[in-house]
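Peer 1: This one is target.tsv, TSV, C-alpha atoms.
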```tsv
chain	number	residue	atom	x	y	z
A	1	MET	CA	-56.36	14.22	-20.61
A	2	ASN	CA	-53.26	13.11	-18.74
A	3	GLU	CA	-50.65	10.89	-20.34
A	4	LEU	CA	-50.75	7.24	-19.30
A	5	PRO	CA	-47.74	6.20	-17.22
A	6	ILE	CA	-47.60	2.87	-19.05
A	7	GLY	CA	-47.37	1.80	-22.67
A	8	ILE	CA	-50.23	0.22	-24.57
A	9	LYS	CA	-49.94	-2.28	-27.40
A	10	LEU	CA	-52.90	-2.78	-29.71
A	11	VAL	CA	-52.90	-6.29	-31.12
A	12	PHE	CA	-55.54	-7.71	-33.42
A	13	PHE	CA	-56.57	-11.39	-33.25
A	14	ASP	CA	-59.34	-13.56	-34.61
A	15	GLY	CA	-59.99	-16.46	-32.27
A	16	GLU	CA	-61.89	-18.41	-34.88
A	17	GLU	CA	-58.86	-19.01	-37.09
A	18	CYS	CA	-59.19	-22.74	-36.50
A	19	THR	CA	-58.13	-25.43	-38.93
A	20	PHE	CA	-60.92	-27.95	-38.38
A	21	GLN	CA	-63.20	-27.13	-35.44
A	22	TYR	CA	-62.92	-24.25	-33.00
A	23	GLY	CA	-62.16	-25.45	-29.52
A	24	GLU	CA	-59.54	-25.80	-26.81
A	25	HIS	CA	-56.96	-27.30	-29.19
A	26	ASP	CA	-57.90	-25.62	-32.48
A	27	GLY	CA	-58.18	-21.86	-32.68
A	28	LEU	CA	-56.65	-18.90	-30.88
A	29	TRP	CA	-53.51	-19.43	-32.96
A	30	GLY	CA	-52.70	-15.72	-33.16
A	31	SER	CA	-53.16	-14.98	-29.46
A	32	ARG	CA	-51.31	-18.15	-28.46
A	33	PHE	CA	-48.44	-17.17	-30.75
A	34	GLN	CA	-48.39	-13.62	-29.38
A	35	ALA	CA	-48.37	-14.73	-25.73
A	36	GLU	CA	-45.62	-17.29	-26.40
A	37	ASN	CA	-43.60	-14.85	-28.50
A	38	TRP	CA	-43.79	-12.16	-25.80
A	39	GLU	CA	-42.82	-14.73	-23.17
A	40	LYS	CA	-39.75	-15.83	-25.17
A	41	SER	CA	-38.70	-12.24	-25.89
A	42	GLY	CA	-39.15	-11.11	-22.28
A	43	LEU	CA	-41.95	-8.63	-23.08
A	44	LEU	CA	-44.55	-10.66	-21.23
A	45	LYS	CA	-42.93	-10.04	-17.84
A	46	ASN	CA	-43.75	-6.33	-18.27
A	47	CYS	CA	-47.36	-6.97	-19.29
A	48	ARG	CA	-49.68	-5.77	-16.51
A	49	GLY	CA	-52.92	-6.79	-18.19
A	50	MET	CA	-54.76	-7.72	-21.35
A	51	ILE	CA	-58.17	-6.44	-22.39
A	52	LEU	CA	-59.92	-8.19	-25.25
A	53	LEU	CA	-62.68	-6.34	-27.05
A	54	ASP	CA	-64.74	-8.69	-29.21
A	55	MET	CA	-67.86	-7.78	-31.19
A	56	VAL	CA	-68.21	-4.41	-29.46
A	57	GLY	CA	-70.15	-2.30	-31.97
A	58	ASP	CA	-73.68	-3.75	-31.79
A	59	LYS	CA	-76.42	-1.08	-31.61
A	60	ASP	CA	-78.03	-3.17	-28.87
A	61	LEU	CA	-74.81	-3.54	-26.87
A	62	ALA	CA	-74.79	-6.31	-24.24
A	63	PHE	CA	-71.32	-7.24	-23.02
A	64	THR	CA	-71.00	-10.70	-21.56
A	65	VAL	CA	-68.38	-10.86	-18.80
A	66	PRO	CA	-67.46	-14.53	-18.20
A	67	GLN	CA	-65.98	-16.13	-15.10
A	68	ASN	CA	-62.62	-16.92	-16.70
A	69	VAL	CA	-61.23	-13.40	-16.41
A	70	ASP	CA	-59.00	-11.85	-13.78
A	71	PRO	CA	-61.16	-11.17	-10.69
A	72	GLU	CA	-59.70	-7.72	-10.11
A	73	LEU	CA	-60.19	-6.66	-13.72
A	74	ARG	CA	-63.77	-8.01	-13.50
A	75	LYS	CA	-64.37	-5.91	-10.38
A	76	TRP	CA	-62.87	-2.82	-12.00
A	77	VAL	CA	-64.90	-3.07	-15.19
A	78	TRP	CA	-68.10	-3.26	-13.15
A	79	GLU	CA	-67.04	-0.31	-11.00
A	80	GLU	CA	-66.11	1.76	-14.04
A	81	ALA	CA	-69.33	0.79	-15.82
A	82	GLY	CA	-71.23	2.12	-12.81
A	83	ARG	CA	-69.21	5.31	-12.69
A	84	LEU	CA	-69.67	5.88	-16.44
A	85	LYS	CA	-73.37	4.87	-16.34
A	86	TYR	CA	-72.73	1.90	-18.66
A	87	GLU	CA	-73.79	-0.88	-16.28
A	88	LYS	CA	-76.89	-1.58	-18.41
A	89	HIS	CA	-74.49	-2.84	-21.10
A	90	LEU	CA	-72.81	-5.46	-18.86
A	91	THR	CA	-74.09	-8.93	-18.03
A	92	ASP	CA	-72.44	-11.48	-15.77
A	93	PHE	CA	-72.02	-14.87	-17.40
A	94	HIS	CA	-71.62	-17.71	-14.93
A	95	GLY	CA	-69.63	-19.85	-17.35
A	96	GLU	CA	-66.37	-19.54	-19.20
A	97	ILE	CA	-65.72	-18.24	-22.70
A	98	LEU	CA	-62.92	-19.57	-24.88
A	99	ASP	CA	-61.50	-16.49	-26.57
A	100	ASP	CA	-58.20	-14.72	-27.23
A	101	HIS	CA	-57.75	-13.64	-23.60
A	102	VAL	CA	-57.24	-17.27	-22.48
A	103	PRO	CA	-53.62	-17.71	-23.70
A	104	PHE	CA	-52.66	-14.65	-21.65
A	105	LEU	CA	-54.47	-15.95	-18.57
A	106	GLU	CA	-52.63	-19.24	-19.02
A	107	LYS	CA	-49.33	-17.31	-18.92
A	108	GLY	CA	-50.35	-15.58	-15.68
A	109	ILE	CA	-51.33	-12.24	-17.21
A	110	PRO	CA	-54.48	-10.59	-15.77
A	111	ALA	CA	-56.96	-10.62	-18.63
A	112	LEU	CA	-60.47	-9.37	-19.28
A	113	VAL	CA	-62.82	-9.97	-22.20
A	114	LEU	CA	-65.76	-7.79	-23.13
A	115	ILE	CA	-67.78	-9.58	-25.78
A	116	ASP	CA	-71.28	-9.10	-27.13
A	117	PHE	CA	-72.71	-12.59	-27.64
A	118	LEU	CA	-76.15	-11.30	-28.61
A	119	TYR	CA	-75.47	-9.74	-31.99
A	120	GLY	CA	-78.89	-9.45	-33.57
A	121	PRO	CA	-82.07	-11.34	-32.71
A	122	GLY	CA	-81.01	-14.79	-31.54
A	123	ASN	CA	-77.41	-13.84	-32.40
A	124	SER	CA	-78.48	-13.97	-36.05
A	125	TYR	CA	-76.00	-11.37	-37.39
A	126	TRP	CA	-72.82	-13.05	-36.14
A	127	HIS	CA	-70.67	-14.33	-39.06
A	128	THR	CA	-73.46	-13.78	-41.57
A	129	PRO	CA	-74.11	-11.40	-44.48
A	130	GLN	CA	-76.39	-9.51	-42.04
A	131	ASP	CA	-73.24	-8.23	-40.28
A	132	GLN	CA	-73.38	-4.80	-41.90
A	133	LEU	CA	-72.53	-1.25	-40.80
A	134	ASP	CA	-76.21	-0.42	-40.24
A	135	LYS	CA	-76.18	-2.82	-37.26
A	136	LEU	CA	-73.40	-0.89	-35.52
A	137	SER	CA	-73.40	2.19	-33.37
A	138	LYS	CA	-70.79	4.79	-32.58
A	139	GLU	CA	-72.24	4.99	-29.05
A	140	SER	CA	-71.49	1.29	-28.51
A	141	LEU	CA	-67.95	1.72	-29.81
A	142	LYS	CA	-67.51	4.69	-27.47
A	143	CYS	CA	-68.78	2.64	-24.54
A	144	ALA	CA	-66.28	-0.14	-25.32
A	145	GLY	CA	-63.43	2.33	-25.65
A	146	ASP	CA	-64.40	4.24	-22.51
A	147	LEU	CA	-64.59	1.06	-20.43
A	148	ALA	CA	-61.32	-0.31	-21.77
A	149	LEU	CA	-59.50	2.95	-21.17
A	150	ALA	CA	-60.93	3.28	-17.66
A	151	VAL	CA	-59.65	-0.21	-16.81
A	152	VAL	CA	-56.26	0.60	-18.37
A	153	TRP	CA	-56.02	3.61	-16.05
A	154	ARG	CA	-56.81	1.31	-13.11
A	155	ILE	CA	-54.11	-1.12	-14.28
A	156	ALA	CA	-51.64	1.76	-14.59
A	157	GLY	CA	-52.36	2.80	-11.02
A	158	GLN	CA	-51.40	-0.57	-9.51
```
Before anything else, please render the file you have as structure tokens.

Peer 2:
Amino acid sequence: MNELPIGIKLVFFDGEECTFQYGEHDGLWGSRFQAENWEKSGLLKNCRGMILLDMVGDKDLAFTVPQNVDPELRKWVWEEAGRLKYEKHLTDFHGEILDDHVPFLEKGIPALVLIDFLYGPGNSYWHTPQDQLDKLSKESLKCAGDLALAVVWRIAGQ
């Protein structure tokens, strides 16, 4: 594989780190801090894009792609999903999702989120003791990684 012509930073957040109730003004503390810190340090001006992978290991993988993502990144992830034969794992969501990509969007950084909102029957495994390794799949993790890397290559080619 060729070497990417851009650097990649892997940053780990947990959007639900709220104090009282997760929402627009409580939560996303880590991603808000990171976006603000990078802006103050000057790193943000070199940031070409942000891809958030959230709950990506479900055996029954169903990424939800919301409206509040960068339109070009949205287009690219669909194109790459088609090329890689992963389109069955993507679903358009006609609403917005409040997640760790939002602080970067607010700072003008193109951002994309791939999140599986259907983790278990009726989303019954999410944040429960049922969230165990037997519910995950290496194929789903590969799909998430392949899609993210394909979009990174598209970002690098801008």

Peer 1: I'd like to know which of A:Cys47, A:Leu112, A:Ala81, A:Leu52 is closest to Pro66 in chain A, using only C-alpha atoms.

Peer 2: A:Leu112

Peer 1: Could you check which of A:Phe13, A:Ser140, A:Leu4, A:Leu114 is closest to Gly27 in chain A, using all atoms listed in the file?

Peer 2: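 Smallest distance to Gly27 in chain A is found for A:Phe13.
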
Peer 1: I need every residue sitting at most 12 Å from the point (-52.9, 2.6, -15.2) (coordinates as in the file, all atoms listed in the file considered), written as a ChimeraX atom specification.

Peer 2: /A:2-8,47-49,73,76,148-158

Peer 1: Every residue with an atom at most 8 Å from (-71.0, 1.1, -20.4) (file coordinates; all atoms listed in the file) is what I'm after, so could you write them as a list in words?

Peer 2: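 Looking at atoms near the point gives Ala81, Gly82, Leu84, Lys85, Tyr86, Glu87, Lys88, His89, Leu90, Cys143, Ala144, Asp146 and Leu147 of chain A.
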
Peer 1: With distances taken over only C-alpha atoms, which of A:Trp38, A:Phe104, A:Phe117, A:Phe20 is nearest to Val65 in chain A?

Peer 2: A:Phe117

Peer 1: Find the residue from A:Leu98, A:Glu79, A:Asp134, A:Gly145 that sits nearest to Asp14 in chain A; use all atoms listed in the file when measuring.

Peer 2: A:Leu98

Peer 1: When you count all atoms listed in the file, which of these residues is closest to Val77 in chain A: A:Ala111, A:Leu10, A:Leu43, A:Leu105?

Peer 2: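 Going through A:Ala111, A:Leu10, A:Leu43, A:Leu105 one by one, the smallest distance to Val77 in chain A is for A:Ala111.
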
Peer 1: Out of A:Gly108, A:Arg32, A:His127, A:Thr91, which residue has the shortest atom-to-atom distance to Leu61 in chain A when counting only C-alpha atoms?

Peer 2: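 Among the listed residues, A:Thr91 lies closest to Leu61 in chain A.
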
Peer 1: List the spatial neighbours of Gln34 in chain A as a PDB file with C-alpha atoms, in the frame of the given file - criterion: any atom at most 10 Å away, all atoms listed in the file, same-chain residues fewer than 2 positions off excluded.

Peer 2:
```pdb
ATOM      1  CA  VAL A  11     -52.900  -6.290 -31.120  1.00  0.00           C
ATOM      2  CA  PHE A  13     -56.570 -11.390 -33.250  1.00  0.00           C
ATOM      3  CA  LEU A  28     -56.650 -18.900 -30.880  1.00  0.00           C
ATOM      4  CA  TRP A  29     -53.510 -19.430 -32.960  1.00  0.00           C
ATOM      5  CA  GLY A  30     -52.700 -15.720 -33.160  1.00  0.00           C
ATOM      6  CA  SER A  31     -53.160 -14.980 -29.460  1.00  0.00           C
ATOM      7  CA  ARG A  32     -51.310 -18.150 -28.460  1.00  0.00           C
ATOM      8  CA  GLU A  36     -45.620 -17.290 -26.400  1.00  0.00           C
ATOM      9  CA  ASN A  37     -43.600 -14.850 -28.500  1.00  0.00           C
ATOM     10  CA  TRP A  38     -43.790 -12.160 -25.800  1.00  0.00           C
ATOM     11  CA  GLU A  39     -42.820 -14.730 -23.170  1.00  0.00           C
ATOM     12  CA  LYS A  40     -39.750 -15.830 -25.170  1.00  0.00           C
ATOM     13  CA  LEU A  44     -44.550 -10.660 -21.230  1.00  0.00           C
ATOM     14  CA  PRO A 103     -53.620 -17.710 -23.700  1.00  0.00           C
ATOM     15  CA  PHE A 104     -52.660 -14.650 -21.650  1.00  0.00           C
TER      16      PHE A 104
END
```

Peer 1: Which residues, written as a ChimeraX atom specification, have at least one atom at most 9 Å from Met55 in chain A, with all atoms listed in the file counted and residues fewer than 5 positions away on the same chain left out?

Peer 2: /A:63,114-117,119,126

Peer 1: Kindly give the distance, in Å, that separates CA of Ile109 in chain A and CA of Lys9 in chain A, rounded to a single decimal.

Peer 2: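 Separating CA of Ile109 in chain A from CA of Lys9 in chain A is a distance of 14.3 Å.
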
Peer 1: If you measure from CA of Ser137 in chain A to CA of Lys75 in chain A, what distance in Å do you get, rounded to one decimal?

Peer 2: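 About the pair CA of Ser137 in chain A and CA of Lys75 in chain A: they are 26.0 Å apart.
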
Peer 1: One number please: CA of His25 in chain A to CA of Asp99 in chain A, in Å, one decimal.

Peer 2: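 Between these atoms lies a distance of 12.0 Å.
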